[in-house]
file run20.pdb (PDB, C-alpha atoms and all ligand atoms)
ATOM      1  CA  MET A   1      13.938  -3.473  28.106
ATOM      2  CA  ASP A   2      10.332  -2.251  27.697
ATOM      3  CA  PRO A   3       7.964  -4.345  25.512
ATOM      4  CA  GLU A   4       7.955  -1.829  22.646
ATOM      5  CA  ALA A   5      11.783  -1.881  22.382
ATOM      6  CA  GLN A   6      11.758  -5.698  22.683
ATOM      7  CA  PHE A   7       9.211  -5.920  19.886
ATOM      8  CA  ILE A   8      11.153  -3.609  17.548
ATOM      9  CA  ASN A   9      14.402  -5.539  18.227
ATOM     10  CA  GLY A  10      12.541  -8.774  17.489
ATOM     11  CA  LEU A  11      11.319  -7.375  14.157
ATOM     12  CA  LEU A  12      14.940  -6.870  13.177
ATOM     13  CA  GLU A  13      15.767 -10.461  14.129
ATOM     14  CA  LEU A  14      12.779 -11.647  12.074
ATOM     15  CA  GLN A  15      14.051  -9.612   9.131
ATOM     16  CA  TYR A  16      17.371 -11.506   9.424
ATOM     17  CA  GLY A  17      15.534 -14.836   9.273
ATOM     18  CA  LEU A  18      15.676 -15.807  12.966
ATOM     19  CA  ASP A  19      12.862 -17.984  14.320
ATOM     20  CA  VAL A  20      11.346 -15.400  16.672
ATOM     21  CA  GLN A  21       7.737 -15.197  15.506
ATOM     22  CA  ASP A  22       6.211 -16.985  18.537
ATOM     23  CA  LYS A  23       8.225 -14.855  20.967
ATOM     24  CA  LEU A  24       7.191 -11.690  19.104
ATOM     25  CA  THR A  25       3.503 -12.689  19.051
ATOM     26  CA  THR A  26       3.628 -12.878  22.853
ATOM     27  CA  ILE A  27       5.451  -9.560  23.274
ATOM     28  CA  ALA A  28       2.967  -7.890  20.871
ATOM     29  CA  HIS A  29       0.162  -8.378  23.465
ATOM     30  CA  ASN A  30       1.878  -5.666  25.535
ATOM     31  CA  VAL A  31       2.437  -3.114  22.754
ATOM     32  CA  ASP A  32      -0.609  -0.945  21.917
ATOM     33  CA  TRP A  33       0.089  -0.522  18.202
ATOM     34  CA  ALA A  34       1.161  -4.165  17.682
ATOM     35  CA  ARG A  35      -1.564  -6.003  19.648
ATOM     36  CA  GLY A  36      -2.777  -9.011  17.630
ATOM     37  CA  TRP A  37       0.313  -9.048  15.365
ATOM     38  CA  PRO A  38       0.736 -10.633  12.863
ATOM     39  CA  SER A  39      -2.867 -11.741  12.206
ATOM     40  CA  ASN A  40      -4.402  -8.325  12.935
ATOM     41  CA  THR A  41      -4.076  -6.297   9.719
ATOM     42  CA  ILE A  42      -3.444  -2.882  11.284
ATOM     43  CA  SER A  43      -0.820  -4.275  13.676
ATOM     44  CA  PHE A  44       0.838  -6.193  10.838
ATOM     45  CA  TRP A  45       1.276  -3.025   8.735
ATOM     46  CA  ASN A  46       2.245  -0.937  11.781
ATOM     47  CA  ALA A  47       5.141  -3.346  12.333
ATOM     48  CA  GLU A  48       6.098  -3.305   8.638
ATOM     49  CA  ALA A  49       6.426   0.501   8.882
ATOM     50  CA  PHE A  50       9.675   0.182  10.893
ATOM     51  CA  MET A  51      11.379  -1.800   8.122
ATOM     52  CA  TRP A  52       9.669  -0.179   5.157
ATOM     53  CA  SER A  53      12.628   1.856   3.928
ATOM     54  CA  HIS A  54      14.526  -1.445   3.350
ATOM     55  CA  LYS A  55      11.700  -3.309   1.628
ATOM     56  CA  ILE A  56      11.580  -1.585  -1.762
ATOM     57  CA  GLU A  57      14.703  -0.984  -3.850
ATOM     58  CA  LYS A  58      15.808   2.588  -4.614
ATOM     59  CA  LYS A  59      15.740   2.023  -8.372
ATOM     60  CA  THR A  60      12.126   0.785  -8.124
ATOM     61  CA  ARG A  61      11.223   3.911  -6.139
ATOM     62  CA  GLN A  62      12.905   6.081  -8.772
ATOM     63  CA  LEU A  63      11.140   4.362 -11.666
ATOM     64  CA  ILE A  64       7.720   4.851 -10.043
ATOM     65  CA  THR A  65       8.505   8.493  -9.192
ATOM     66  CA  ASN A  66       9.399   9.107 -12.850
ATOM     67  CA  GLU A  67       6.171   7.487 -14.037
ATOM     68  CA  LEU A  68       4.075   9.656 -11.705
ATOM     69  CA  SER A  69       5.911  12.885 -12.479
ATOM     70  CA  SER A  70       3.341  14.003 -15.083
ATOM     71  CA  LEU A  71       0.585  14.235 -12.442
ATOM     72  CA  GLN A  72      -0.292  17.839 -11.599
ATOM     73  CA  GLY A  73      -2.412  19.345  -8.811
ATOM     74  CA  THR A  74      -3.745  17.558  -5.750
ATOM     75  CA  ASN A  75      -3.023  13.834  -5.381
ATOM     76  CA  LEU A  76      -4.541  11.282  -3.022
ATOM     77  CA  ASP A  77      -2.130   8.391  -2.349
ATOM     78  CA  LEU A  78      -4.165   5.386  -1.202
ATOM     79  CA  GLY A  79      -2.267   2.804   0.864
ATOM     80  CA  CYS A  80       0.611   5.305   0.845
ATOM     81  CA  GLY A  81       2.541   3.452   3.537
ATOM     82  CA  ALA A  82       5.750   5.071   4.730
ATOM     83  CA  TYR A  83       6.658   6.405   1.267
ATOM     84  CA  SER A  84       4.769   8.621  -1.200
ATOM     85  CA  TYR A  85       6.359   9.210  -4.596
ATOM     86  CA  ILE A  86       4.864  12.663  -5.142
ATOM     87  CA  PRO A  87       3.517  15.181  -2.605
ATOM     88  CA  SER A  88       0.084  13.886  -1.651
ATOM     89  CA  THR A  89      -2.702  13.536   0.823
ATOM     90  CA  GLY A  90      -1.799  10.162   2.317
ATOM     91  CA  PHE A  91      -4.424   7.565   3.234
ATOM     92  CA  ASP A  92      -3.507   4.373   5.058
ATOM     93  CA  ILE A  93      -4.935   1.883   7.542
ATOM     94  CA  SER A  94      -1.675   2.011   9.534
ATOM     95  CA  PRO A  95      -0.981   5.092  11.703
ATOM     96  CA  LYS A  96       2.682   4.017  12.025
ATOM     97  CA  MET A  97       3.136   3.959   8.242
ATOM     98  CA  LEU A  98       1.730   7.502   8.073
ATOM     99  CA  ASP A  99       4.087   8.617  10.887
ATOM    100  CA  PHE A 100       7.134   7.608   8.807
ATOM    101  CA  ASN A 101       5.895   9.185   5.531
ATOM    102  CA  ASP A 102       7.474  12.633   5.018
ATOM    103  CA  ASN A 103       5.973  13.492   1.614
ATOM    104  CA  LEU A 104       2.430  14.176   2.825
ATOM    105  CA  LYS A 105       0.472  17.428   3.068
ATOM    106  CA  GLU A 106      -2.241  15.687   5.056
ATOM    107  CA  LYS A 107      -2.468  12.267   6.724
ATOM    108  CA  VAL A 108      -5.720  10.304   6.850
ATOM    109  CA  VAL A 109      -6.090   7.015   8.715
ATOM    110  CA  GLY A 110      -8.755   4.914   7.011
ATOM    111  CA  ASP A 111      -9.731   1.634   5.403
ATOM    112  CA  VAL A 112     -10.041   1.350   1.611
ATOM    113  CA  GLU A 113     -12.435  -1.583   2.082
ATOM    114  CA  LYS A 114     -15.036   1.024   3.169
ATOM    115  CA  PRO A 115     -16.574   4.004   1.298
ATOM    116  CA  LEU A 116     -14.031   6.850   1.192
ATOM    117  CA  ALA A 117     -14.866  10.010   3.178
ATOM    118  CA  PHE A 118     -14.059  12.444   0.341
ATOM    119  CA  VAL A 119     -16.407  14.505  -1.830
ATOM    120  CA  ASP A 120     -16.982  13.952  -5.559
ATOM    121  CA  ASN A 121     -14.072  15.136  -7.773
ATOM    122  CA  GLU A 122     -12.039  16.159  -4.696
ATOM    123  CA  PHE A 123      -8.602  15.220  -6.132
ATOM    124  CA  ASP A 124      -6.935  15.952  -9.467
ATOM    125  CA  SER A 125      -5.342  12.499  -9.351
ATOM    126  CA  VAL A 126      -5.329   9.333  -7.243
ATOM    127  CA  THR A 127      -2.479   6.821  -6.911
ATOM    128  CA  ALA A 128      -2.457   3.319  -5.413
ATOM    129  CA  ILE A 129       1.018   1.777  -5.393
ATOM    130  CA  PHE A 130       1.372  -1.891  -4.351
ATOM    131  CA  LEU A 131      -2.101  -1.795  -2.750
ATOM    132  CA  LEU A 132      -4.806  -3.486  -4.822
ATOM    133  CA  ASN A 133      -3.493  -7.037  -4.231
ATOM    134  CA  TYR A 134      -4.310  -6.488  -0.535
ATOM    135  CA  VAL A 135      -7.920  -5.388  -1.143
ATOM    136  CA  THR A 136     -10.935  -7.722  -1.053
ATOM    137  CA  HIS A 137     -13.605  -5.193  -2.111
ATOM    138  CA  TYR A 138     -11.601  -3.749  -5.012
ATOM    139  CA  ALA A 139     -14.734  -3.244  -7.189
ATOM    140  CA  GLN A 140     -16.252  -0.934  -4.561
ATOM    141  CA  LEU A 141     -12.900   0.845  -4.124
ATOM    142  CA  LEU A 142     -12.492   1.443  -7.868
ATOM    143  CA  SER A 143     -15.951   2.954  -8.134
ATOM    144  CA  GLU A 144     -15.136   5.181  -5.115
ATOM    145  CA  ILE A 145     -11.902   6.286  -6.830
ATOM    146  CA  LYS A 146     -13.878   7.148  -9.973
ATOM    147  CA  ARG A 147     -16.224   9.270  -7.831
ATOM    148  CA  ILE A 148     -13.490  11.294  -6.069
ATOM    149  CA  VAL A 149     -10.952  11.759  -8.905
ATOM    150  CA  LYS A 150     -11.194  14.589 -11.439
ATOM    151  CA  GLY A 151      -8.447  13.368 -13.774
ATOM    152  CA  THR A 152      -6.139  10.357 -13.730
ATOM    153  CA  PHE A 153      -5.888   7.308 -11.480
ATOM    154  CA  ILE A 154      -2.558   5.440 -11.589
ATOM    155  CA  MET A 155      -2.260   1.999 -10.072
ATOM    156  CA  VAL A 156       1.051   0.121  -9.807
ATOM    157  CA  LEU A 157       1.451  -3.565  -8.974
ATOM    158  CA  SER A 158       4.335  -5.990  -8.928
ATOM    159  CA  ALA A 159       4.368  -8.336 -11.937
ATOM    160  CA  THR A 160       6.095 -10.971  -9.783
ATOM    161  CA  LYS A 161       4.982 -12.600  -6.524
ATOM    162  CA  VAL A 162       5.350 -10.458  -3.416
ATOM    163  CA  ASN A 163       7.592 -11.918  -0.697
ATOM    164  CA  GLU A 164       6.236 -14.729   1.435
ATOM    165  CA  TRP A 165       5.895 -12.603   4.567
ATOM    166  CA  GLN A 166       3.645 -10.010   2.917
ATOM    167  CA  ARG A 167       1.798 -12.669   0.927
ATOM    168  CA  GLN A 168       0.024 -13.669   4.160
ATOM    169  CA  LYS A 169      -2.015 -10.432   3.755
ATOM    170  CA  GLU A 170      -2.717 -10.794   0.022
ATOM    171  CA  LYS A 171      -6.364 -10.995  -1.024
ATOM    172  CA  ASN A 172      -5.867 -11.567  -4.765
ATOM    173  CA  HIS A 173      -3.140 -12.219  -7.309
ATOM    174  CA  TYR A 174      -4.497 -11.517 -10.804
ATOM    175  CA  ASP A 175      -2.637 -11.255 -14.080
ATOM    176  CA  LYS A 176      -2.339  -7.985 -16.004
ATOM    177  CA  GLU A 177      -5.178  -8.772 -18.428
ATOM    178  CA  LYS A 178      -7.588  -9.541 -15.577
ATOM    179  CA  TRP A 179      -6.742  -6.213 -13.915
ATOM    180  CA  VAL A 180      -7.346  -4.350 -17.177
ATOM    181  CA  SER A 181     -10.783  -5.944 -17.535
ATOM    182  CA  ILE A 182     -11.640  -5.049 -13.906
ATOM    183  CA  LEU A 183     -10.445  -1.444 -14.322
ATOM    184  CA  GLU A 184     -12.379  -1.057 -17.590
ATOM    185  CA  ASN A 185     -15.649  -1.240 -15.624
ATOM    186  CA  ASN A 186     -14.889   2.330 -14.492
ATOM    187  CA  PHE A 187     -12.078   3.746 -16.622
ATOM    188  CA  SER A 188     -10.355   3.887 -19.986
ATOM    189  CA  VAL A 189      -7.100   2.051 -19.332
ATOM    190  CA  THR A 190      -3.598   1.931 -20.756
ATOM    191  CA  VAL A 191      -1.093  -0.496 -19.287
ATOM    192  CA  LYS A 192       2.662  -0.914 -19.556
ATOM    193  CA  GLU A 193       5.178  -3.285 -18.002
ATOM    194  CA  LYS A 194       8.631  -2.107 -16.973
ATOM    195  CA  ASP A 195      11.209  -3.775 -14.687
ATOM    196  CA  ASP A 196       8.670  -6.280 -13.304
ATOM    197  CA  LEU A 197       6.133  -3.575 -12.526
ATOM    198  CA  TRP A 198       2.705  -3.024 -14.076
ATOM    199  CA  PHE A 199       1.606   0.580 -14.545
ATOM    200  CA  PHE A 200      -2.118   1.040 -15.163
ATOM    201  CA  THR A 201      -3.086   4.576 -16.198
ATOM    202  CA  CYS A 202      -6.833   5.108 -15.890
ATOM    203  CA  THR A 203      -8.982   8.004 -17.038
ATOM    204  CA  LYS A 204     -12.677   8.458 -16.408
ATOM    205  CA  GLN A 205     -14.982   7.349 -19.197
ATOM    206  CA  SER A 206     -17.323  10.163 -20.238
TER     207      SER A 206
HETATM  208  C1  LIG B   1       2.829  -2.919   0.236
HETATM  209  S1  LIG B   1       2.485  -1.469   1.162
HETATM  210  C2  LIG B   1       2.724  -0.180  -0.057
HETATM  211  C3  LIG B   1       3.077   1.144   0.559
HETATM  212  C4  LIG B   1       3.414   2.281  -0.425
HETATM  213  N1  LIG B   1       2.328   2.515  -1.352
HETATM  214  C5  LIG B   1       4.719   2.029  -1.158
HETATM  215  O1  LIG B   1       4.703   1.984  -2.410
HETATM  216  O2  LIG B   1       5.749   1.887  -0.497
HETATM  217  C6  LIG B   1       0.744  -1.544   1.297
HETATM  218  C7  LIG B   1       0.151  -0.422   2.131
HETATM  219  O3  LIG B   1      -1.277  -0.527   2.076
HETATM  220  C8  LIG B   1      -1.808  -0.296   3.356
HETATM  221  N2  LIG B   1      -3.097  -0.995   3.444
HETATM  222  C9  LIG B   1      -3.319  -2.335   3.428
HETATM  223  N3  LIG B   1      -4.634  -2.593   3.530
HETATM  224  C10 LIG B   1      -5.254  -1.377   3.609
HETATM  225  C11 LIG B   1      -6.620  -0.975   3.750
HETATM  226  N4  LIG B   1      -7.602  -1.893   3.824
HETATM  227  N5  LIG B   1      -6.906   0.343   3.808
HETATM  228  C12 LIG B   1      -5.904   1.274   3.746
HETATM  229  N6  LIG B   1      -4.611   0.964   3.620
HETATM  230  C13 LIG B   1      -4.284  -0.358   3.545
HETATM  231  C14 LIG B   1      -0.754  -0.861   4.320
HETATM  232  O4  LIG B   1      -0.866  -0.308   5.603
HETATM  233  C15 LIG B   1       0.544  -0.488   3.611
HETATM  234  O5  LIG B   1       1.003   0.765   4.046
END
call {"tool": "encode", "arguments": {"input": "run20.pdb", "output": "structure tokens"}}
result
Amino acid sequence: MDPEAQFINGLLELQYGLDVQDKLTTIAHNVDWARGWPSNTISFWNAEAFMWSHKIEKKTRQLITNELSSLQGTNLDLGCGAYSYIPSTGFDISPKMLDFNDNLKEKVVGDVEKPLAFVDNEFDSVTAIFLLNYVTHYAQLLSEIKRIVKGTFIMVLSATKVNEWQRQKEKNHYDKEKWVSILENNFSVTVKEKDDLWFFTCTKQS
């Protein structure tokens, strides 16, 4: 079996709780898109892309889709992963995640820790679903979002801990009130909690 097939098989075994991480780390050296897995961030998320459809429950997907359904016009989905809830321009650090995402008009590989290569007021709305807990420079990102969005920014986070595997990539784990105070540096914010999810709806302050 070639290294790529071995690696993908191993990911399945890992998913089922088998102790294959050391073996997989070695195989990953020989797979372009997985080199440095799991410590390398891009390789980590590239590997997650293969399992992504099993990682978030259908009813959670449906709830988020319903909450975003009022957004009209062009949307930029930051950290879109393999699933965007509304048709969007998708932006993600992982090319493999973008490959699997079939709700995108345009795919952009990029890093939200850096200034975003979009012009002022380029998008009617911006979404970031299950992303901000993985971002170190969230203050810079939020001011970039304010610059490029014309209307509403919606951010969704899990109210409960993310699973242990993904937690290895987490950069922060704030409560809802802390997130509101951070977001209020750039936006007027309303927040609601539903089914263990936080929905932050942010509009630009005049
Ligand atoms: C937990 S997944 C969420 C995916 C998708 N939004 C969803 O709801 O299914 C986090 C996504 O953020 C992306 N990501 C993590 N760090 C990033 C960064 N610095 N820049 C861009 N994307 C990043 C990952 O590649 C992954 O696709």
call {"tool": "residues_near_ligand", "arguments": {"input": "run20.pdb", "ligand": "ligand LIG 1 (chain B)", "cutoff": "7 Å", "atoms": "all atoms listed in the file", "output": "PyMOL selection string"}}
result
chain A and resi 42+45-46+56+78-84+91-94+97+110-113+128-131+134-135
call {"tool": "resolve_selection", "arguments": {"input": "run20.pdb", "expression": "the PyMOL selection byres (((chain A and resi 170) around 10) and not hetatm)", "output": "list in words"}}
result
Leu131, Leu132, Asn133, Tyr134, Val135, Thr136, Val162, Glu164, Trp165, Gln166, Arg167, Gln168, Lys169, Lys171, Asn172 and His173 of chain A
call {"tool": "closest_atom_pairs", "arguments": {"input": "run20.pdb", "of": "stretch 1-60 of chain A", "to": "stretch 194-202 of chain A", "cutoff": "12 Å", "atoms": "all atoms listed in the file", "output": "CSV"}}
result
residue,atom,partner,partner_atom,distance
A:Glu57,CA,A:Asp195,CA,11.7
A:Lys59,CA,A:Asp195,CA,9.7
A:Thr60,CA,A:Asp195,CA,8.0
call {"tool": "closest_residue", "arguments": {"input": "run20.pdb", "among": "A:Lys23, A:Lys96, A:Arg147, A:Lys204", "to": "A:Phe50", "atoms": "all atoms listed in the file"}}
result
A:Lys96
call {"tool": "resolve_selection", "arguments": {"input": "run20.pdb", "expression": "the PyMOL selection byres (((chain A and resi 75) around 9) and not hetatm)", "output": "list in words"}}
result
Leu71, Gln72, Gly73, Thr74, Leu76, Asp77, Ile86, Pro87, Ser88, Thr89, Gly90, Phe123, Asp124, Ser125, Val126, Thr127 and Val149 of chain A
call {"tool": "resolve_selection", "arguments": {"input": "run20.pdb", "expression": "the PyMOL selection byres (((chain A and resi 26) around 12) and not hetatm)", "output": "list in words"}}
result
Pro3, Glu4, Gln6, Phe7, Gly10, Val20, Gln21, Asp22, Lys23, Leu24, Thr25, Ile27, Ala28, His29, Asn30, Val31, Ala34, Arg35, Gly36, Trp37 and Pro38 of chain A
call {"tool": "atom_distance", "arguments": {"input": "run20.pdb", "atom1": "atom CA of A:Glu106", "atom2": "atom CA of A:Ser143"}}
result
22.9 Å
call {"tool": "atom_distance", "arguments": {"input": "run20.pdb", "atom1": "atom CA of A:Leu11", "atom2": "atom CA of A:Leu98"}}
result
18.7 Å
call {"tool": "atom_distance", "arguments": {"input": "run20.pdb", "atom1": "atom CA of A:Ser53", "atom2": "atom CA of A:Phe100"}}
result
9.3 Å
call {"tool": "axis_aligned_box", "arguments": {"input": "run20.pdb", "around": "stretch 64-74 of chain A", "padding_each_side": "5 Å", "output": "JSON"}}
result
{"center_x": 2.8, "center_y": 12.1, "center_z": -10.4, "size_x": 23.1, "size_y": 24.5, "size_z": 19.3}
call {"tool": "closest_residue", "arguments": {"input": "run20.pdb", "among": "A:Ala117, A:Ile64, A:Leu18, A:Leu183", "to": "A:Val156", "atoms": "only C-alpha atoms"}}
result
A:Ile64
call {"tool": "closest_residue", "arguments": {"input": "run20.pdb", "among": "A:Leu12, A:Ile145, A:Ala139, A:Leu68", "to": "A:His54", "atoms": "all atoms listed in the file"}}
result
A:Leu12
call {"tool": "closest_residue", "arguments": {"input": "run20.pdb", "among": "A:Lys161, A:Ile154, A:Asn101, A:Leu141", "to": "A:Thr65", "atoms": "only C-alpha atoms"}}
result
A:Ile154
call {"tool": "closest_residue", "arguments": {"input": "run20.pdb", "among": "A:Asp2, A:Asp32, A:Glu144, A:Glu177", "to": "A:Leu116", "atoms": "all atoms listed in the file"}}
result
A:Glu144
call {"tool": "closest_residue", "arguments": {"input": "run20.pdb", "among": "A:Ser188, A:Asn9, A:Leu63, A:Ile148", "to": "A:Met51", "atoms": "only C-alpha atoms"}}
result
A:Asn9
call {"tool": "build_atoms", "arguments": {"input": "run20.pdb", "residues": "stretch 10-21 of chain A", "atoms": "all heavy atoms", "output": "mmCIF file, in the coordinates of the input"}}
result
data_model
loop_
_atom_site.group_PDB
_atom_site.id
_atom_site.type_symbol
_atom_site.label_atom_id
_atom_site.label_comp_id
_atom_site.auth_asym_id
_atom_site.auth_seq_id
_atom_site.Cartn_x
_atom_site.Cartn_y
_atom_site.Cartn_z
ATOM 1 N N GLY A 10 12.963 -7.471 18.025
ATOM 2 C CA GLY A 10 12.541 -8.774 17.489
ATOM 3 C C GLY A 10 12.215 -8.686 16.003
ATOM 4 O O GLY A 10 12.482 -9.614 15.242
ATOM 5 N N LEU A 11 11.636 -7.549 15.586
ATOM 6 C CA LEU A 11 11.319 -7.375 14.157
ATOM 7 C C LEU A 11 12.599 -7.426 13.327
ATOM 8 O O LEU A 11 12.625 -7.989 12.230
ATOM 9 C CB LEU A 11 10.621 -6.028 13.917
ATOM 10 C CG LEU A 11 9.173 -5.896 14.367
ATOM 11 C CD1 LEU A 11 8.681 -4.467 14.137
ATOM 12 C CD2 LEU A 11 8.263 -6.884 13.651
ATOM 13 N N LEU A 12 13.651 -6.844 13.875
ATOM 14 C CA LEU A 12 14.940 -6.870 13.177
ATOM 15 C C LEU A 12 15.455 -8.293 13.052
ATOM 16 O O LEU A 12 15.947 -8.711 11.995
ATOM 17 C CB LEU A 12 15.946 -6.028 13.960
ATOM 18 C CG LEU A 12 16.595 -4.964 13.133
ATOM 19 C CD1 LEU A 12 16.232 -3.610 13.712
ATOM 20 C CD2 LEU A 12 18.071 -5.126 13.107
ATOM 21 N N GLU A 13 15.321 -9.049 14.157
ATOM 22 C CA GLU A 13 15.767 -10.461 14.129
ATOM 23 C C GLU A 13 14.968 -11.251 13.089
ATOM 24 O O GLU A 13 15.505 -12.063 12.351
ATOM 25 C CB GLU A 13 15.610 -11.088 15.517
ATOM 26 C CG GLU A 13 16.560 -10.488 16.541
ATOM 27 C CD GLU A 13 16.250 -10.939 17.971
ATOM 28 O OE1 GLU A 13 15.164 -11.522 18.216
ATOM 29 O OE2 GLU A 13 17.100 -10.695 18.837
ATOM 30 N N LEU A 14 13.653 -10.969 13.041
ATOM 31 C CA LEU A 14 12.779 -11.647 12.074
ATOM 32 C C LEU A 14 13.236 -11.341 10.647
ATOM 33 O O LEU A 14 13.304 -12.217 9.788
ATOM 34 C CB LEU A 14 11.339 -11.153 12.273
ATOM 35 C CG LEU A 14 10.235 -11.899 11.543
ATOM 36 C CD1 LEU A 14 10.004 -13.278 12.160
ATOM 37 C CD2 LEU A 14 8.926 -11.102 11.606
ATOM 38 N N GLN A 15 13.563 -10.078 10.436
ATOM 39 C CA GLN A 15 14.051 -9.612 9.131
ATOM 40 C C GLN A 15 15.300 -10.397 8.716
ATOM 41 O O GLN A 15 15.501 -10.698 7.552
ATOM 42 C CB GLN A 15 14.380 -8.119 9.251
ATOM 43 C CG GLN A 15 14.999 -7.490 8.061
ATOM 44 C CD GLN A 15 13.913 -6.912 7.136
ATOM 45 O OE1 GLN A 15 12.729 -7.176 7.319
ATOM 46 N NE2 GLN A 15 14.314 -6.167 6.158
ATOM 47 N N TYR A 16 16.138 -10.758 9.720
ATOM 48 C CA TYR A 16 17.371 -11.506 9.424
ATOM 49 C C TYR A 16 17.137 -13.016 9.401
ATOM 50 O O TYR A 16 18.082 -13.794 9.377
ATOM 51 C CB TYR A 16 18.466 -11.128 10.421
ATOM 52 C CG TYR A 16 19.077 -9.787 10.086
ATOM 53 C CD1 TYR A 16 18.837 -8.681 10.885
ATOM 54 C CD2 TYR A 16 19.855 -9.621 8.941
ATOM 55 C CE1 TYR A 16 19.368 -7.439 10.562
ATOM 56 C CE2 TYR A 16 20.383 -8.392 8.609
ATOM 57 C CZ TYR A 16 20.140 -7.304 9.414
ATOM 58 O OH TYR A 16 20.652 -6.087 9.083
ATOM 59 N N GLY A 17 15.861 -13.428 9.455
ATOM 60 C CA GLY A 17 15.534 -14.836 9.273
ATOM 61 C C GLY A 17 15.559 -15.672 10.546
ATOM 62 O O GLY A 17 15.481 -16.900 10.479
ATOM 63 N N LEU A 18 15.673 -15.024 11.724
ATOM 64 C CA LEU A 18 15.676 -15.807 12.966
ATOM 65 C C LEU A 18 14.254 -16.268 13.300
ATOM 66 O O LEU A 18 13.268 -15.603 12.954
ATOM 67 C CB LEU A 18 16.245 -14.972 14.122
ATOM 68 C CG LEU A 18 17.674 -14.454 13.946
ATOM 69 C CD1 LEU A 18 18.152 -13.738 15.196
ATOM 70 C CD2 LEU A 18 18.620 -15.607 13.603
ATOM 71 N N ASP A 19 14.158 -17.380 14.019
ATOM 72 C CA ASP A 19 12.862 -17.984 14.320
ATOM 73 C C ASP A 19 12.290 -17.364 15.605
ATOM 74 O O ASP A 19 12.324 -17.973 16.678
ATOM 75 C CB ASP A 19 13.075 -19.505 14.486
ATOM 76 C CG ASP A 19 11.758 -20.209 14.716
ATOM 77 O OD1 ASP A 19 10.695 -19.593 14.501
ATOM 78 O OD2 ASP A 19 11.792 -21.386 15.155
ATOM 79 N N VAL A 20 11.785 -16.127 15.470
ATOM 80 C CA VAL A 20 11.346 -15.400 16.672
ATOM 81 C C VAL A 20 9.852 -15.064 16.643
ATOM 82 O O VAL A 20 9.369 -14.324 17.497
ATOM 83 C CB VAL A 20 12.154 -14.086 16.846
ATOM 84 C CG1 VAL A 20 13.598 -14.372 17.194
ATOM 85 C CG2 VAL A 20 12.070 -13.213 15.599
ATOM 86 N N GLN A 21 9.129 -15.630 15.669
ATOM 87 C CA GLN A 21 7.737 -15.197 15.506
ATOM 88 C C GLN A 21 6.876 -15.480 16.748
ATOM 89 O O GLN A 21 6.095 -14.618 17.166
ATOM 90 C CB GLN A 21 7.125 -15.854 14.270
ATOM 91 C CG GLN A 21 5.771 -15.226 13.939
ATOM 92 C CD GLN A 21 5.197 -15.713 12.625
ATOM 93 O OE1 GLN A 21 5.951 -16.024 11.697
ATOM 94 N NE2 GLN A 21 3.879 -15.778 12.546
#
